[in-house]
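The structure file coords.pdb is reproduced below (PDB, C-alpha atoms and all ligand atoms).
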ATOM      1  CA  MET A   1     155.722 -91.655  68.902  1.00  0.00           C
ATOM      2  CA  ARG A   2     152.966 -92.455  71.339  1.00  0.00           C
ATOM      3  CA  ASP A   3     154.771 -95.626  72.420  1.00  0.00           C
ATOM      4  CA  MET A   4     157.961 -93.724  73.088  1.00  0.00           C
ATOM      5  CA  LYS A   5     156.068 -91.277  75.263  1.00  0.00           C
ATOM      6  CA  THR A   6     154.488 -94.118  77.213  1.00  0.00           C
ATOM      7  CA  ILE A   7     157.849 -95.783  77.765  1.00  0.00           C
ATOM      8  CA  GLY A   8     159.281 -92.479  78.923  1.00  0.00           C
ATOM      9  CA  ALA A   9     156.451 -91.980  81.394  1.00  0.00           C
ATOM     10  CA  VAL A  10     156.832 -95.485  82.788  1.00  0.00           C
ATOM     11  CA  ALA A  11     160.586 -95.095  83.144  1.00  0.00           C
ATOM     12  CA  PHE A  12     160.050 -91.841  84.956  1.00  0.00           C
ATOM     13  CA  ALA A  13     157.449 -93.366  87.254  1.00  0.00           C
ATOM     14  CA  LEU A  14     159.901 -96.134  88.147  1.00  0.00           C
ATOM     15  CA  MET A  15     162.571 -93.545  88.806  1.00  0.00           C
ATOM     16  CA  LEU A  16     160.251 -91.700  91.172  1.00  0.00           C
ATOM     17  CA  ALA A  17     159.535 -94.920  93.023  1.00  0.00           C
ATOM     18  CA  GLY A  18     163.242 -95.118  93.864  1.00  0.00           C
ATOM     19  CA  THR A  19     165.309 -92.471  95.591  1.00  0.00           C
ATOM     20  CA  ALA A  20     166.670 -90.742  92.503  1.00  0.00           C
ATOM     21  CA  GLN A  21     164.474 -87.825  91.630  1.00  0.00           C
ATOM     22  CA  ALA A  22     165.864 -86.734  88.314  1.00  0.00           C
ATOM     23  CA  GLY A  23     164.797 -87.566  84.838  1.00  0.00           C
ATOM     24  CA  ALA A  24     163.168 -86.810  81.568  1.00  0.00           C
ATOM     25  CA  PHE A  25     159.465 -86.445  81.066  1.00  0.00           C
ATOM     26  CA  SER A  26     157.454 -86.234  77.863  1.00  0.00           C
ATOM     27  CA  GLU A  27     154.348 -84.120  77.788  1.00  0.00           C
ATOM     28  CA  ALA A  28     151.156 -86.071  77.028  1.00  0.00           C
ATOM     29  CA  GLU A  29     147.988 -84.411  75.728  1.00  0.00           C
ATOM     30  CA  SER A  30     145.431 -83.631  76.745  1.00  0.00           C
ATOM     31  CA  ASN A  31     146.698 -81.511  79.606  1.00  0.00           C
ATOM     32  CA  ASN A  32     144.868 -78.231  79.043  1.00  0.00           C
ATOM     33  CA  THR A  33     143.294 -77.985  82.519  1.00  0.00           C
ATOM     34  CA  LEU A  34     144.491 -78.388  86.108  1.00  0.00           C
ATOM     35  CA  GLY A  35     142.326 -81.495  86.324  1.00  0.00           C
ATOM     36  CA  THR A  36     144.094 -83.136  83.376  1.00  0.00           C
ATOM     37  CA  ALA A  37     147.612 -81.904  84.212  1.00  0.00           C
ATOM     38  CA  ASN A  38     150.535 -84.287  83.576  1.00  0.00           C
ATOM     39  CA  SER A  39     151.845 -85.455  86.954  1.00  0.00           C
ATOM     40  CA  LEU A  40     155.554 -85.001  87.703  1.00  0.00           C
ATOM     41  CA  GLY A  41     155.113 -86.810  91.017  1.00  0.00           C
ATOM     42  CA  LEU A  42     156.158 -86.245  94.617  1.00  0.00           C
ATOM     43  CA  PHE A  43     159.415 -84.523  95.542  1.00  0.00           C
ATOM     44  CA  ASP A  44     160.998 -85.086  98.945  1.00  0.00           C
ATOM     45  CA  VAL A  45     164.332 -84.118 100.555  1.00  0.00           C
ATOM     46  CA  PRO A  46     166.768 -83.260  98.983  1.00  0.00           C
ATOM     47  CA  GLY A  47     164.679 -82.380  95.922  1.00  0.00           C
ATOM     48  CA  GLY A  48     165.100 -83.251  92.274  1.00  0.00           C
ATOM     49  CA  SER A  49     164.882 -82.110  88.717  1.00  0.00           C
ATOM     50  CA  VAL A  50     162.922 -82.924  85.603  1.00  0.00           C
ATOM     51  CA  ILE A  51     163.437 -81.976  81.973  1.00  0.00           C
ATOM     52  CA  ILE A  52     160.092 -81.888  80.199  1.00  0.00           C
ATOM     53  CA  ASP A  53     159.916 -82.329  76.445  1.00  0.00           C
ATOM     54  CA  GLY A  54     156.800 -80.846  74.889  1.00  0.00           C
ATOM     55  CA  ALA A  55     155.120 -78.849  72.174  1.00  0.00           C
ATOM     56  CA  ILE A  56     152.743 -75.906  72.163  1.00  0.00           C
ATOM     57  CA  GLY A  57     150.337 -75.571  69.254  1.00  0.00           C
ATOM     58  CA  ASP A  58     147.469 -73.233  68.445  1.00  0.00           C
ATOM     59  CA  ASN A  59     145.105 -72.904  71.411  1.00  0.00           C
ATOM     60  CA  ASP A  60     147.282 -75.217  73.480  1.00  0.00           C
ATOM     61  CA  VAL A  61     148.411 -74.879  77.092  1.00  0.00           C
ATOM     62  CA  ASP A  62     150.391 -77.567  78.922  1.00  0.00           C
ATOM     63  CA  TRP A  63     149.796 -78.069  82.640  1.00  0.00           C
ATOM     64  CA  PHE A  64     152.116 -80.038  84.925  1.00  0.00           C
ATOM     65  CA  GLU A  65     151.373 -81.031  88.496  1.00  0.00           C
ATOM     66  CA  PHE A  66     153.857 -81.741  91.287  1.00  0.00           C
ATOM     67  CA  THR A  67     153.713 -82.261  95.029  1.00  0.00           C
ATOM     68  CA  LEU A  68     156.295 -81.096  97.555  1.00  0.00           C
ATOM     69  CA  ALA A  69     156.702 -83.149 100.731  1.00  0.00           C
ATOM     70  CA  ASP A  70     158.360 -80.212 102.468  1.00  0.00           C
ATOM     71  CA  GLU A  71     159.118 -76.549 101.878  1.00  0.00           C
ATOM     72  CA  ALA A  72     161.171 -76.120  98.720  1.00  0.00           C
ATOM     73  CA  SER A  73     162.770 -73.583  96.457  1.00  0.00           C
ATOM     74  CA  LEU A  74     161.720 -73.941  92.845  1.00  0.00           C
ATOM     75  CA  SER A  75     163.249 -72.895  89.553  1.00  0.00           C
ATOM     76  CA  VAL A  76     161.606 -73.403  86.167  1.00  0.00           C
ATOM     77  CA  PHE A  77     163.197 -72.428  82.872  1.00  0.00           C
ATOM     78  CA  ALA A  78     161.668 -72.793  79.443  1.00  0.00           C
ATOM     79  CA  ALA A  79     163.761 -73.059  76.285  1.00  0.00           C
ATOM     80  CA  PHE A  80     163.061 -73.950  72.689  1.00  0.00           C
ATOM     81  CA  SER A  81     164.088 -77.303  71.349  1.00  0.00           C
ATOM     82  CA  SER A  82     165.213 -78.031  67.811  1.00  0.00           C
ATOM     83  CA  GLY A  83     165.966 -74.387  67.077  1.00  0.00           C
ATOM     84  CA  GLY A  84     162.331 -73.364  67.360  1.00  0.00           C
ATOM     85  CA  SER A  85     161.109 -69.899  68.092  1.00  0.00           C
ATOM     86  CA  GLY A  86     158.046 -68.296  69.575  1.00  0.00           C
ATOM     87  CA  ASP A  87     156.766 -66.499  72.612  1.00  0.00           C
ATOM     88  CA  GLY A  88     155.790 -68.478  75.703  1.00  0.00           C
ATOM     89  CA  VAL A  89     154.241 -67.495  79.030  1.00  0.00           C
ATOM     90  CA  MET A  90     154.154 -69.422  82.295  1.00  0.00           C
ATOM     91  CA  GLN A  91     151.962 -69.598  85.389  1.00  0.00           C
ATOM     92  CA  LEU A  92     152.570 -71.175  88.789  1.00  0.00           C
ATOM     93  CA  VAL A  93     149.326 -72.133  90.517  1.00  0.00           C
ATOM     94  CA  ALA A  94     148.567 -73.434  94.015  1.00  0.00           C
ATOM     95  CA  SER A  95     146.312 -76.449  94.493  1.00  0.00           C
ATOM     96  CA  GLY A  96     143.178 -74.376  95.024  1.00  0.00           C
ATOM     97  CA  GLY A  97     143.605 -72.525  91.719  1.00  0.00           C
ATOM     98  CA  ASP A  98     145.326 -69.431  93.133  1.00  0.00           C
ATOM     99  CA  VAL A  99     147.760 -68.037  90.547  1.00  0.00           C
ATOM    100  CA  ILE A 100     150.893 -67.320  92.610  1.00  0.00           C
ATOM    101  CA  GLY A 101     153.360 -66.642  89.811  1.00  0.00           C
ATOM    102  CA  PHE A 102     153.478 -65.463  86.201  1.00  0.00           C
ATOM    103  CA  ASP A 103     156.316 -64.814  83.779  1.00  0.00           C
ATOM    104  CA  ASP A 104     156.630 -63.847  80.146  1.00  0.00           C
ATOM    105  CA  ASP A 105     160.222 -63.326  79.004  1.00  0.00           C
ATOM    106  CA  SER A 106     162.671 -64.089  81.852  1.00  0.00           C
ATOM    107  CA  GLY A 107     163.934 -67.235  80.148  1.00  0.00           C
ATOM    108  CA  ILE A 108     165.797 -67.739  76.888  1.00  0.00           C
ATOM    109  CA  GLY A 109     164.582 -65.514  74.050  1.00  0.00           C
ATOM    110  CA  LEU A 110     160.915 -64.756  74.625  1.00  0.00           C
ATOM    111  CA  MET A 111     160.477 -67.783  76.855  1.00  0.00           C
ATOM    112  CA  PRO A 112     159.489 -67.554  80.530  1.00  0.00           C
ATOM    113  CA  ALA A 113     161.302 -68.592  83.701  1.00  0.00           C
ATOM    114  CA  LEU A 114     160.241 -68.548  87.344  1.00  0.00           C
ATOM    115  CA  GLN A 115     162.180 -68.836  90.570  1.00  0.00           C
ATOM    116  CA  VAL A 116     160.466 -69.083  93.940  1.00  0.00           C
ATOM    117  CA  GLU A 117     162.476 -69.058  97.151  1.00  0.00           C
ATOM    118  CA  SER A 118     160.121 -70.900  99.489  1.00  0.00           C
ATOM    119  CA  LEU A 119     157.098 -72.914  98.466  1.00  0.00           C
ATOM    120  CA  SER A 120     155.193 -74.616 101.280  1.00  0.00           C
ATOM    121  CA  ALA A 121     154.577 -78.352 101.179  1.00  0.00           C
ATOM    122  CA  GLY A 122     151.646 -79.167  98.938  1.00  0.00           C
ATOM    123  CA  THR A 123     150.528 -79.617  95.358  1.00  0.00           C
ATOM    124  CA  TYR A 124     151.207 -77.046  92.637  1.00  0.00           C
ATOM    125  CA  TYR A 125     150.771 -76.620  88.902  1.00  0.00           C
ATOM    126  CA  ILE A 126     153.003 -75.134  86.217  1.00  0.00           C
ATOM    127  CA  GLY A 127     151.277 -74.016  83.042  1.00  0.00           C
ATOM    128  CA  LEU A 128     153.145 -73.191  79.831  1.00  0.00           C
ATOM    129  CA  SER A 129     151.187 -71.397  77.130  1.00  0.00           C
ATOM    130  CA  GLY A 130     151.656 -68.916  74.278  1.00  0.00           C
ATOM    131  CA  PHE A 131     151.817 -65.141  74.519  1.00  0.00           C
ATOM    132  CA  GLY A 132     148.287 -63.725  74.373  1.00  0.00           C
ATOM    133  CA  ASP A 133     146.671 -66.394  76.550  1.00  0.00           C
ATOM    134  CA  VAL A 134     147.196 -64.869  80.019  1.00  0.00           C
ATOM    135  CA  ASP A 135     149.300 -62.003  81.363  1.00  0.00           C
ATOM    136  CA  SER A 136     150.652 -60.705  84.662  1.00  0.00           C
ATOM    137  CA  SER A 137     147.187 -59.518  85.753  1.00  0.00           C
ATOM    138  CA  SER A 138     146.279 -63.195  86.211  1.00  0.00           C
ATOM    139  CA  VAL A 139     148.156 -63.210  89.525  1.00  0.00           C
ATOM    140  CA  ASP A 140     145.354 -60.999  90.851  1.00  0.00           C
ATOM    141  CA  SER A 141     142.453 -62.329  88.790  1.00  0.00           C
ATOM    142  CA  ASP A 142     143.403 -66.036  89.039  1.00  0.00           C
ATOM    143  CA  ASP A 143     142.548 -66.329  85.349  1.00  0.00           C
ATOM    144  CA  LEU A 144     144.044 -69.693  84.390  1.00  0.00           C
ATOM    145  CA  ALA A 145     145.793 -70.255  81.070  1.00  0.00           C
ATOM    146  CA  ASP A 146     143.437 -72.220  78.814  1.00  0.00           C
ATOM    147  CA  GLY A 147     145.328 -71.986  75.523  1.00  0.00           C
ATOM    148  CA  ILE A 148     142.655 -69.744  74.043  1.00  0.00           C
ATOM    149  CA  GLY A 149     143.827 -66.471  72.536  1.00  0.00           C
ATOM    150  CA  HIS A 150     147.284 -67.355  71.256  1.00  0.00           C
ATOM    151  CA  THR A 151     148.602 -68.605  67.918  1.00  0.00           C
ATOM    152  CA  GLU A 152     152.096 -69.640  69.081  1.00  0.00           C
ATOM    153  CA  SER A 153     153.511 -72.936  67.900  1.00  0.00           C
ATOM    154  CA  PHE A 154     156.846 -74.278  69.149  1.00  0.00           C
ATOM    155  CA  ASN A 155     158.635 -77.259  70.615  1.00  0.00           C
ATOM    156  CA  TYR A 156     160.115 -76.695  74.058  1.00  0.00           C
ATOM    157  CA  LYS A 157     162.175 -78.060  76.910  1.00  0.00           C
ATOM    158  CA  LEU A 158     161.048 -77.138  80.384  1.00  0.00           C
ATOM    159  CA  SER A 159     163.631 -77.546  83.132  1.00  0.00           C
ATOM    160  CA  VAL A 160     162.066 -77.890  86.584  1.00  0.00           C
ATOM    161  CA  GLY A 161     164.278 -78.083  89.669  1.00  0.00           C
ATOM    162  CA  PHE A 162     163.510 -78.295  93.377  1.00  0.00           C
ATOM    163  CA  THR A 163     165.749 -77.919  96.381  1.00  0.00           C
ATOM    164  CA  ILE A 164     164.181 -79.185  99.572  1.00  0.00           C
ATOM    165  CA  VAL A 165     165.820 -78.812 102.953  1.00  0.00           C
ATOM    166  CA  PRO A 166     164.275 -80.212 106.152  1.00  0.00           C
ATOM    167  CA  ALA A 167     162.345 -77.615 108.115  1.00  0.00           C
ATOM    168  CA  PRO A 168     164.368 -76.090 111.027  1.00  0.00           C
ATOM    169  CA  GLY A 169     162.084 -77.852 113.497  1.00  0.00           C
ATOM    170  CA  ALA A 170     162.819 -81.223 111.963  1.00  0.00           C
ATOM    171  CA  THR A 171     166.581 -80.579 112.053  1.00  0.00           C
ATOM    172  CA  ALA A 172     166.382 -79.637 115.730  1.00  0.00           C
ATOM    173  CA  LEU A 173     164.491 -82.807 116.511  1.00  0.00           C
ATOM    174  CA  LEU A 174     167.040 -84.927 114.681  1.00  0.00           C
ATOM    175  CA  GLY A 175     169.840 -83.236 116.627  1.00  0.00           C
ATOM    176  CA  LEU A 176     168.108 -83.846 119.917  1.00  0.00           C
ATOM    177  CA  GLY A 177     167.531 -87.493 119.004  1.00  0.00           C
ATOM    178  CA  GLY A 178     171.243 -87.891 118.324  1.00  0.00           C
ATOM    179  CA  LEU A 179     172.119 -86.351 121.665  1.00  0.00           C
ATOM    180  CA  VAL A 180     169.767 -88.650 123.544  1.00  0.00           C
ATOM    181  CA  ALA A 181     171.150 -91.684 121.728  1.00  0.00           C
ATOM    182  CA  THR A 182     174.706 -90.647 122.656  1.00  0.00           C
ATOM    183  CA  ARG A 183     173.816 -90.325 126.300  1.00  0.00           C
ATOM    184  CA  ARG A 184     172.139 -93.704 126.329  1.00  0.00           C
ATOM    185  CA  ARG A 185     175.273 -95.329 125.036  1.00  0.00           C
ATOM    186  CA  ARG A 186     177.354 -93.967 127.917  1.00  0.00           C
TER     187      ARG A 186
HETATM  188 CA    CA A 201     151.191 -79.498  74.291  1.00  0.00          CA
HETATM  189 CA    CA A 202     148.143 -79.061  76.111  1.00  0.00          CA
HETATM  190 CA    CA A 203     157.183 -64.660  76.493  1.00  0.00          CA
END

Represent the structure from my file as structure tokens, please.
Ligand SMILES: [Ca+2]
Ligand SMILES: [Ca+2]
Ligand SMILES: [Ca+2]
Amino acid sequence: MRDMKTIGAVAFALMLAGTAQAGAFSEAESNNTLGTANSLGLFDVPGGSVIIDGAIGDNDVDWFEFTLADEASLSVFAAFSSGGSGDGVMQLVASGGDVIGFDDDSGIGLMPALQVESLSAGTYYIGLSGFGDVDSSSVDSDDLADGIGHTESFNYKLSVGFTIVPAPGATALLGLGGLVATRRRR
């Protein structure tokens, strides 16, 4: 099992090194703090998607880290795998530890989902935990999910998708460059 996870991580790393930013990712413990979060890598234009395969056990939270090269819209959906059931919660955290999003039941069943229209370039964390760990007040308190306080146990699939479009300024510059090049050719 451990070998399969390692192979999956390596395959994903190779995929990230290329241009295709889509793939499968297997959660690897321990990942119960921002400092030990599993890295999903860097996402650049036009974005990408990852399906994470993982499991939540007693007193377990799973943190995932990703970096956006440019402003992006983000959607994260959690679902059970293998017909499991349970109650998950999710946090979205900025690099400094600021909790910028929380959800409980917007996904399938009692699972969470989050959609954010515009996230600035930078590094962020997604934390998936069990109901009872943290709640919506954590957006104000910045109380990070630590797995403590819940007794949920389930296998899950976490679908993470990014859409990144070049900033308007960058588009304008590209257009201007094209115009200049056209003139030079004349
Ligand atoms: Ca886990
Ligand atoms: Ca964990
Ligand atoms: Ca929930």

May I have the residues within 7 Å of range 29-43 of chain A as a list in words, using all atoms listed in the file and disregarding those fewer than 4 positions away in the same chain?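 Once the adjacent positions are removed, what remains is Gly47, Gly48, Asp60, Val61, Asp62, Trp63, Phe64, Glu65, Phe66, Thr67, Leu68, Ala69 and Asp146 of chain A.
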
Between A:Ile56, A:Ser159, A:Ser95, A:Ala24, which residue has the minimum interatomic distance to ligand CA 201 (chain A), considering all atoms listed in the file?
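Closest residue, counting all atoms listed in the file: A:Ile56.
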
What residues come out when you apply the PyMOL selection byres (((chain A and resi 132) around 10) and not hetatm) to this file, written as number ranges by chain? A: 87-89, 129-131, 133-135, 145, 147-152

Any chance you can output those residues with C-alpha atoms as a compact mmCIF listing (two decimals), in the frame of the given file?
# COMPACT_ATOMS: atom_id res chain seq x y z
CA ASP A 87 156.77 -66.50 72.61
CA GLY A 88 155.79 -68.48 75.70
CA VAL A 89 154.24 -67.50 79.03
CA SER A 129 151.19 -71.40 77.13
CA GLY A 130 151.66 -68.92 74.28
CA PHE A 131 151.82 -65.14 74.52
CA ASP A 133 146.67 -66.39 76.55
CA VAL A 134 147.20 -64.87 80.02
CA ASP A 135 149.30 -62.00 81.36
CA ALA A 145 145.79 -70.26 81.07
CA GLY A 147 145.33 -71.99 75.52
CA ILE A 148 142.66 -69.74 74.04
CA GLY A 149 143.83 -66.47 72.54
CA HIS A 150 147.28 -67.36 71.26
CA THR A 151 148.60 -68.60 67.92
CA GLU A 152 152.10 -69.64 69.08

In Å, with one decimal, what is the gap from CA of Gly101 in chain A to CA of Phe77 in chain A?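 Atom-to-atom, CA of Gly101 in chain A and CA of Phe77 in chain A are spaced 13.4 Å apart.
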
Would you kindly identify which residues have an atom no farther than 8 Å from (154.7, -78.3, 73.1), using only C-alpha atoms and the file's own coordinates, and write them out as an mmCIF file with C-alpha atoms, in the coordinates of the input?
data_model
loop_
_atom_site.group_PDB
_atom_site.id
_atom_site.type_symbol
_atom_site.label_atom_id
_atom_site.label_comp_id
_atom_site.auth_asym_id
_atom_site.auth_seq_id
_atom_site.Cartn_x
_atom_site.Cartn_y
_atom_site.Cartn_z
ATOM 1 C CA GLU A 27 154.348 -84.120 77.788
ATOM 2 C CA ASP A 53 159.916 -82.329 76.445
ATOM 3 C CA GLY A 54 156.800 -80.846 74.889
ATOM 4 C CA ALA A 55 155.120 -78.849 72.174
ATOM 5 C CA ILE A 56 152.743 -75.906 72.163
ATOM 6 C CA GLY A 57 150.337 -75.571 69.254
ATOM 7 C CA ASP A 62 150.391 -77.567 78.922
ATOM 8 C CA SER A 153 153.511 -72.936 67.900
ATOM 9 C CA PHE A 154 156.846 -74.278 69.149
ATOM 10 C CA ASN A 155 158.635 -77.259 70.615
ATOM 11 C CA TYR A 156 160.115 -76.695 74.058
#

### Query
So, counting only C-alpha atoms and all ligand atoms, which residue among A:Asp98, A:Asp140, A:Glu71, A:Asp58 is closest to ligand CA 202 (chain A)?
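Counting only C-alpha atoms and all ligand atoms, the residue closest to ligand CA 202 (chain A) is A:Asp58.
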
List, as number ranges by chain, every residue that the PyMOL selection byres (((chain A and resi 81) around 6) and not hetatm) selects in the file provided. A: 80, 82-84, 155-157

Give me a file of those residues, with C-alpha atoms, as a PDB file, in the frame of the given file.
ATOM      1  CA  PHE A  80     163.061 -73.950  72.689  1.00  0.00           C
ATOM      2  CA  SER A  82     165.213 -78.031  67.811  1.00  0.00           C
ATOM      3  CA  GLY A  83     165.966 -74.387  67.077  1.00  0.00           C
ATOM      4  CA  GLY A  84     162.331 -73.364  67.360  1.00  0.00           C
ATOM      5  CA  ASN A 155     158.635 -77.259  70.615  1.00  0.00           C
ATOM      6  CA  TYR A 156     160.115 -76.695  74.058  1.00  0.00           C
ATOM      7  CA  LYS A 157     162.175 -78.060  76.910  1.00  0.00           C
TER       8      LYS A 157
END

Q. For the atom pair CA of Pro46 in chain A and CA of Ser26 in chain A, what is the interatomic distance in Å to one decimal place?
A.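 Computing the Euclidean distance for CA of Pro46 in chain A and CA of Ser26 in chain A yields 23.3 Å.
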
*Apply the PyMOL selection byres (((chain A and resi 102) around 10) and not hetatm) to the displayed file and report the matching residues as a list in words.*
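On this input, the PyMOL selection byres (((chain A and resi 102) around 10) and not hetatm) captures Val89, Met90, Gln91, Leu92, Val93, Val99, Ile100, Gly101, Asp103, Asp104, Pro112, Ala113, Leu114, Ile126, Gly127, Val134, Asp135, Ser136, Ser137, Ser138 and Val139 of chain A.
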
Check: Restricting the calculation to only C-alpha atoms and all ligand atoms, which member of A:Val116, A:Leu128, A:Val165, A:Leu144 is positioned closest to ligand CA 202 (chain A)?
Finding: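 When distances to ligand CA 202 (chain A) are compared using only C-alpha atoms and all ligand atoms, the smallest one comes from A:Leu128.
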
Atom pair CA of Ile51 in chain A + CA of Ala22 in chain A, distance 8.3 Å

Give the answer as one residue: which of A:Asp44, A:Asn59, A:Ser49, A:Leu110 has the shortest atom-to-atom distance to ligand CA 202 (chain A), using only C-alpha atoms and all ligand atoms?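 Selected residue with least distance to ligand CA 202 (chain A): A:Asn59.
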
From the list A:Met111, A:Ala28, A:Ala121, A:Leu74, the nearest residue to ligand CA 201 (chain A) using only C-alpha atoms and all ligand atoms is A:Ala28
